[in-house]
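Asker: Handing you a structure now.
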Amino acid sequence: MNEKGVLSLERIDAYRLRIPKQGDMKTDGIVYADAAMVPHLEQDQSLQQVANVACLPGIVGNSLAMPDIHWGYGFPIGGVAAFDMDNGVVSPGGVGYDINCGVRLMKTALTRTEIAGKLKDLVDALFMNIPSGVGSKRKDLKLTTDDEKNIFRKGARWAVEKGFGYPEDLLHIEEGGLIPDADPDIISGHALERGRPQLGTLGSGNHFVEIDYVEEVYDAVIADALGLGKDTITITIHSGSRGLGYQICDDFIKIMLKASQKYGITLPDKQLCCAPIRSPEGSNYLSAMACAANYAFANRQMMSHWVRESFETVLRASPKSLQIKLVYDVCHNIAKIEKHLIGGKQQQVCIHRKGATRAFPAHHPQVPADYTETGQPVLIPGDMGRYSYVLVGTEKAMEETFGSSCHGAGRLMSRHQAIKAAKGRSIIREMENQGIYVRASGKETLVEEIPDAYKDVSQVVEIVHNAGIGKKVVKLRPLGVMKG
Amino acid sequence: MKRYEFFNHTADIGIRVFGSSLAALFENAGLALFDIITDISKVRDCEIRQIHVSRESVDELLVEWLSRLLYLHATELLLGNSFQIQTITEQRLQGEVRGEIFQENRHVIKTEVKAITYHGLAVYYEHGLWNATIVIDV
């Protein structure tokens, strides 16, 4: 750091920047970014946030940031960091409030021409069937506290047992839709109360359900193995653990602020408060986080069921003919205990992925059998007007980023800047002119989510692909969007 | 005197709050929170909720107060439009919020607030004025 407190930066290669260890940093920061991204990064505190994470006790390897890095709270969004199980920490700020916010991709037997003329009806049906917006819920769904606790213990399996989807769906969810060691008894009454009415709801902001088609195929062999041939209709769901996760994170930040003092951890930012992984506070957080993560898996599973029902009703077709199948479901706000090769030895570490996606390669034991030869699908939604990508994990991601990749486009404008930029424009009309039918429940959601508020996701994906920490498979183009 | 202003934060919303007293600072912060959530001019004050909170420091107390208001919004769909702090120290406060329960045809929800963060959190007294900086996760 120079005397003005500005971080020094070094370019490693065309796609990577190093923040050399300086000040209280225990390791270097590595940011996946090309030269064009640097001026944006220097305008906010995101690089400082990478450096702050590097100051935390027991960090293993580098403090990493994916190319969709932007200014968050605590960790940067796009941040990845691994911690030693014995000397390292776990931090709720390294996961975020929306625990297991994630993306789910479904494919269909339909092609683009088969739903032409039906898009408005399909999006309207999604809107009817999937609750979004404040206070909305399904009238046919009433949960007791015992149900809620069962969801924490069973994750997506709970939803399948209740008739939401099929057992084979579970095979295509990260961790099988169930993170172990969930302990419902440590969840506060406030968190239970916020979570109960919100199961099966989309949420608002950047959460969405989107109908796309495969516009471009980059790797035909892998695309075929994933069932994503050109013009295939797909559905993407982006949602998380709703008020339950927000409240659990909030509850545990209070606990971790005290724990940081108790264990003598100096914090560069209060939001990075943490506790040793094996301390009572650390292990309780991981058990509470697992409850929210499992709730989020169940949440996306239920919404998938309503997506299927919406398509069956509007197209008057049977499940058998539509073949709406789960490609994959990834978490992008999560802490996981994983084994990685570190210094030539297999070591168990606690990986925080805050706005980053797991990207395990072909033949990794945790990749589902169907994807043994392809690698784990990595789902990268872009903004609602341009495109999204499907990638697969790579060996290089295992070597460099603890098997992690980016999670989205990353915001370019603050929400207020976006509202200003959208003034006087009809966003719905603009989208319609591009052949995209959009509906939103929140008044300001649409203007906050205008495509120009986001980086071009293709630039983010190019960096990931060229740096080798993910491999491009297909590009998806939106046709219909339901925004929360 | 300006009671609060928003500042740009890429993914979230930053608020700078001002108050002639610590009580006024907390009251204005409550107003800023609901200004993010709804059009507060459409909210009538027909409901009252009492809030008692305590924390170890004044900045954490501010997060606790706002988080409790957010909890009332999340669980009861309460929209607040007037706030009164009855007693306050740097560790403890007793106050009330007045407002109305959300009704779809009467109120708009501008933004869903997820949480009150501790990132860049600051509460300080300078040149005769209380100031606070808070980042809201939306």
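Here's how to read the names in the structure tokens: chain A, B, ... by the order shown, residue numbers from 1 in each chain, ligand numbers from 1 in the order shown.
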Need to verify the contact set: Thr144 in chain A, 10 Å, only C-alpha atoms, exclusion of same-chain residues closer than 5 positions in sequence. Can you return it as a count of residues only?
Answerer: 5
Asker: Near range 39-50 of chain B, within 9 Å and counting only C-alpha atoms, which residues show up once chain neighbours fewer than 4 positions away are dropped, as a PDB file with N, CA and C atoms, in the first residue's frame?
Answerer:
```pdb
ATOM      1  N   LEU B  31     -36.893   6.438   8.908  1.00  0.00           N
ATOM      2  CA  LEU B  31     -37.592   7.016   7.762  1.00  0.00           C
ATOM      3  C   LEU B  31     -36.866   6.658   6.456  1.00  0.00           C
ATOM      4  N   PHE B  34     -37.633   3.059   5.333  1.00  0.00           N
ATOM      5  CA  PHE B  34     -38.935   2.848   4.684  1.00  0.00           C
ATOM      6  C   PHE B  34     -39.076   3.653   3.393  1.00  0.00           C
ATOM      7  N   ASP B  35     -38.240   4.693   3.228  1.00  0.00           N
ATOM      8  CA  ASP B  35     -38.216   5.421   1.957  1.00  0.00           C
ATOM      9  C   ASP B  35     -37.638   4.524   0.854  1.00  0.00           C
ATOM     10  N   LEU B  72     -40.293  -6.315  11.569  1.00  0.00           N
ATOM     11  CA  LEU B  72     -41.741  -6.014  11.623  1.00  0.00           C
ATOM     12  C   LEU B  72     -42.312  -5.924  10.212  1.00  0.00           C
ATOM     13  N   LEU B  78     -45.585  -4.536   7.891  1.00  0.00           N
ATOM     14  CA  LEU B  78     -45.754  -3.170   8.390  1.00  0.00           C
ATOM     15  C   LEU B  78     -44.913  -2.203   7.557  1.00  0.00           C
ATOM     16  N   LEU B  79     -45.520  -1.088   7.186  1.00  0.00           N
ATOM     17  CA  LEU B  79     -44.777  -0.006   6.542  1.00  0.00           C
ATOM     18  C   LEU B  79     -44.734   1.141   7.550  1.00  0.00           C
ATOM     19  N   GLY B  80     -43.564   1.591   7.928  1.00  0.00           N
ATOM     20  CA  GLY B  80     -43.443   2.652   8.926  1.00  0.00           C
ATOM     21  C   GLY B  80     -43.369   4.012   8.252  1.00  0.00           C
ATOM     22  N   ASN B  81     -43.946   5.036   8.902  1.00  0.00           N
ATOM     23  CA  ASN B  81     -43.750   6.389   8.359  1.00  0.00           C
ATOM     24  C   ASN B  81     -43.478   7.427   9.425  1.00  0.00           C
ATOM     25  N   SER B  82     -43.576   7.028  10.700  1.00  0.00           N
ATOM     26  CA  SER B  82     -43.183   7.982  11.740  1.00  0.00           C
ATOM     27  C   SER B  82     -42.561   7.220  12.902  1.00  0.00           C
ATOM     28  N   GLN B  94     -35.488   2.828  23.656  1.00  0.00           N
ATOM     29  CA  GLN B  94     -36.895   2.477  23.665  1.00  0.00           C
ATOM     30  C   GLN B  94     -37.563   3.435  22.689  1.00  0.00           C
ATOM     31  N   GLY B  95     -38.312   2.880  21.752  1.00  0.00           N
ATOM     32  CA  GLY B  95     -38.924   3.764  20.766  1.00  0.00           C
ATOM     33  C   GLY B  95     -40.175   3.142  20.189  1.00  0.00           C
ATOM     34  N   GLU B  96     -40.807   3.883  19.301  1.00  0.00           N
ATOM     35  CA  GLU B  96     -41.991   3.321  18.663  1.00  0.00           C
ATOM     36  C   GLU B  96     -42.025   3.696  17.191  1.00  0.00           C
ATOM     37  N   VAL B  97     -42.684   2.836  16.450  1.00  0.00           N
ATOM     38  CA  VAL B  97     -42.907   3.107  15.034  1.00  0.00           C
ATOM     39  C   VAL B  97     -44.408   3.146  14.806  1.00  0.00           C
ATOM     40  N   ARG B  98     -44.830   4.135  14.009  1.00  0.00           N
ATOM     41  CA  ARG B  98     -46.226   4.193  13.579  1.00  0.00           C
ATOM     42  C   ARG B  98     -46.268   3.969  12.078  1.00  0.00           C
ATOM     43  N   GLY B  99     -47.312   3.336  11.616  1.00  0.00           N
ATOM     44  CA  GLY B  99     -47.400   3.091  10.175  1.00  0.00           C
ATOM     45  C   GLY B  99     -48.649   2.322   9.837  1.00  0.00           C
ATOM     46  N   GLU B 100     -48.593   1.569   8.766  1.00  0.00           N
ATOM     47  CA  GLU B 100     -49.777   0.894   8.238  1.00  0.00           C
ATOM     48  C   GLU B 100     -49.362  -0.465   7.673  1.00  0.00           C
ATOM     49  N   ILE B 101     -50.255  -1.430   7.758  1.00  0.00           N
ATOM     50  CA  ILE B 101     -49.983  -2.742   7.172  1.00  0.00           C
ATOM     51  C   ILE B 101     -50.139  -2.635   5.645  1.00  0.00           C
ATOM     52  N   PHE B 102     -49.189  -3.215   4.915  1.00  0.00           N
ATOM     53  CA  PHE B 102     -49.188  -3.173   3.446  1.00  0.00           C
ATOM     54  C   PHE B 102     -50.516  -3.660   2.858  1.00  0.00           C
ATOM     55  N   ARG B 106     -53.164  -0.131  -2.279  1.00  0.00           N
ATOM     56  CA  ARG B 106     -52.929   1.186  -1.686  1.00  0.00           C
ATOM     57  C   ARG B 106     -51.441   1.573  -1.677  1.00  0.00           C
ATOM     58  N   HIS B 107     -50.589   0.581  -1.476  1.00  0.00           N
ATOM     59  CA  HIS B 107     -49.158   0.875  -1.322  1.00  0.00           C
ATOM     60  C   HIS B 107     -48.333   0.256  -2.441  1.00  0.00           C
ATOM     61  N   VAL B 108     -47.174   0.847  -2.666  1.00  0.00           N
ATOM     62  CA  VAL B 108     -46.236   0.231  -3.614  1.00  0.00           C
ATOM     63  C   VAL B 108     -45.014  -0.253  -2.838  1.00  0.00           C
ATOM     64  N   ILE B 109     -44.457  -1.349  -3.323  1.00  0.00           N
ATOM     65  CA  ILE B 109     -43.168  -1.777  -2.776  1.00  0.00           C
ATOM     66  C   ILE B 109     -42.135  -1.408  -3.831  1.00  0.00           C
ATOM     67  N   LYS B 110     -41.245  -0.501  -3.472  1.00  0.00           N
ATOM     68  CA  LYS B 110     -40.226  -0.068  -4.430  1.00  0.00           C
ATOM     69  C   LYS B 110     -39.089  -1.083  -4.465  1.00  0.00           C
TER      70      LYS B 110
END
```
Asker: Enumerate as a list in words the residues belonging to chain B that approach chain A to within 7 Å, with only C-alpha atoms taken into account.
Answerer: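 Output check: Asn8, His9, Thr10, Ala11, Ala74, Thr75, Leu77, Ile109, Lys110, Thr111, Glu112, Lys114, Ala115, Thr117, Tyr118, His119 and Gly120 of chain B.
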Asker: Go ahead and save the picked residues with C-alpha atoms, as a short mmCIF file (atom, residue, chain, number, x, y, z; two decimals), in the first residue's frame.
Answerer:
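Contents of the output file result-v3.cif:
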```
data_model
loop_
_atom_site.label_atom_id
_atom_site.label_comp_id
_atom_site.auth_asym_id
_atom_site.auth_seq_id
_atom_site.Cartn_x
_atom_site.Cartn_y
_atom_site.Cartn_z
CA ASN B 8 -24.20 5.02 -4.67
CA HIS B 9 -23.07 1.53 -3.80
CA THR B 10 -22.82 -0.89 -6.73
CA ALA B 11 -24.92 -3.77 -5.46
CA ALA B 74 -41.00 -8.82 6.94
CA THR B 75 -43.33 -10.61 9.33
CA LEU B 77 -45.91 -6.36 6.33
CA ILE B 109 -43.17 -1.78 -2.78
CA LYS B 110 -40.23 -0.07 -4.43
CA THR B 111 -37.47 -2.37 -3.23
CA GLU B 112 -37.28 -5.49 -1.08
CA LYS B 114 -32.81 -8.05 2.70
CA ALA B 115 -30.78 -6.79 5.64
CA THR B 117 -25.21 -4.62 6.99
CA TYR B 118 -22.22 -3.65 9.14
CA HIS B 119 -20.07 -2.82 6.10
CA GLY B 120 -18.58 0.67 6.42
#
```
Asker: How many Å separate CA of Ile277 in chain A from CA of Val89 in chain A?
Answerer: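 A separation of 4.9 Å between them.
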Asker: Could you please write out, as a ChimeraX atom specification, every residue of range 234-388 of chain A that DSSP assigns to helix (DSSP H, G or I)?
Answerer: /A:242-262,270-272,280-315,319-322,369-371
Asker: Okay, now the selection with C-alpha atoms, as a compact mmCIF listing (two decimals), in the first residue's frame?
Answerer:
```txt
# COMPACT_ATOMS: atom_id res chain seq x y z
CA ARG A 242 -35.50 -15.67 1.33
CA GLY A 243 -36.07 -14.06 4.75
CA LEU A 244 -34.88 -17.21 6.53
CA GLY A 245 -31.34 -16.82 5.20
CA TYR A 246 -31.29 -13.05 5.75
CA GLN A 247 -32.29 -13.50 9.39
CA ILE A 248 -29.86 -16.37 10.05
CA CYS A 249 -27.01 -14.31 8.64
CA ASP A 250 -28.08 -11.32 10.73
CA ASP A 251 -28.37 -13.45 13.90
CA PHE A 252 -24.92 -14.95 13.38
CA ILE A 253 -23.19 -11.67 12.58
CA LYS A 254 -24.14 -10.58 16.09
CA ILE A 255 -22.70 -13.81 17.49
CA MET A 256 -19.56 -13.51 15.35
CA LEU A 257 -18.90 -9.88 16.38
CA LYS A 258 -18.59 -11.14 19.96
CA ALA A 259 -16.68 -14.26 18.88
CA SER A 260 -14.13 -12.19 16.97
CA GLN A 261 -13.36 -10.30 20.20
CA LYS A 262 -13.33 -13.52 22.24
CA LYS A 270 -17.04 -5.47 10.99
CA GLN A 271 -18.93 -7.33 8.27
CA LEU A 272 -16.00 -9.80 8.12
CA PRO A 280 -18.87 -23.59 19.01
CA GLU A 281 -19.75 -20.33 17.20
CA GLY A 282 -18.16 -21.51 13.94
CA SER A 283 -19.75 -24.95 13.94
CA ASN A 284 -23.15 -23.52 14.96
CA TYR A 285 -22.97 -21.08 12.06
CA LEU A 286 -22.22 -23.90 9.60
CA SER A 287 -25.17 -25.91 10.97
CA ALA A 288 -27.50 -22.90 10.74
CA MET A 289 -26.20 -22.04 7.27
CA ALA A 290 -26.95 -25.63 6.18
CA CYS A 291 -30.60 -25.16 7.31
CA ALA A 292 -30.96 -22.09 5.08
CA ALA A 293 -29.10 -23.76 2.20
CA ASN A 294 -31.42 -26.78 2.38
CA TYR A 295 -34.48 -24.50 2.51
CA ALA A 296 -33.18 -22.75 -0.65
CA PHE A 297 -32.76 -26.12 -2.43
CA ALA A 298 -36.37 -26.99 -1.51
CA ASN A 299 -37.51 -23.53 -2.60
CA ARG A 300 -36.04 -23.89 -6.09
CA GLN A 301 -37.35 -27.47 -6.30
CA MET A 302 -40.90 -26.29 -5.62
CA MET A 303 -40.67 -23.49 -8.14
CA SER A 304 -39.43 -26.00 -10.75
CA HIS A 305 -42.59 -28.01 -10.18
CA TRP A 306 -44.72 -24.92 -10.84
CA VAL A 307 -42.66 -24.18 -13.96
CA ARG A 308 -43.48 -27.69 -15.19
CA GLU A 309 -47.18 -27.23 -14.38
CA SER A 310 -47.26 -23.86 -16.15
CA PHE A 311 -45.80 -25.33 -19.33
CA GLU A 312 -48.14 -28.35 -19.20
CA THR A 313 -51.21 -26.10 -18.81
CA VAL A 314 -50.35 -23.47 -21.41
CA LEU A 315 -49.09 -25.91 -24.03
CA PRO A 319 -44.98 -34.19 -18.73
CA LYS A 320 -43.84 -37.07 -20.93
CA SER A 321 -43.98 -35.05 -24.11
CA LEU A 322 -42.43 -31.91 -22.63
CA ALA A 369 -22.60 -39.73 -12.74
CA ASP A 370 -24.39 -38.21 -15.77
CA TYR A 371 -21.68 -35.55 -15.99
```
Asker: Between CA of Leu126 in chain A and CA of Asp68 in chain A, what is the distance in Å, rounded to a tenth?
Answerer: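 Rounded to one decimal, the two atoms are 28.9 Å apart.
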Asker: Just how far from CA of Gly470 in chain A is CA of Met398 in chain A, in Å to one decimal?
Answerer: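 Distance between the two atoms: 10.2 Å.
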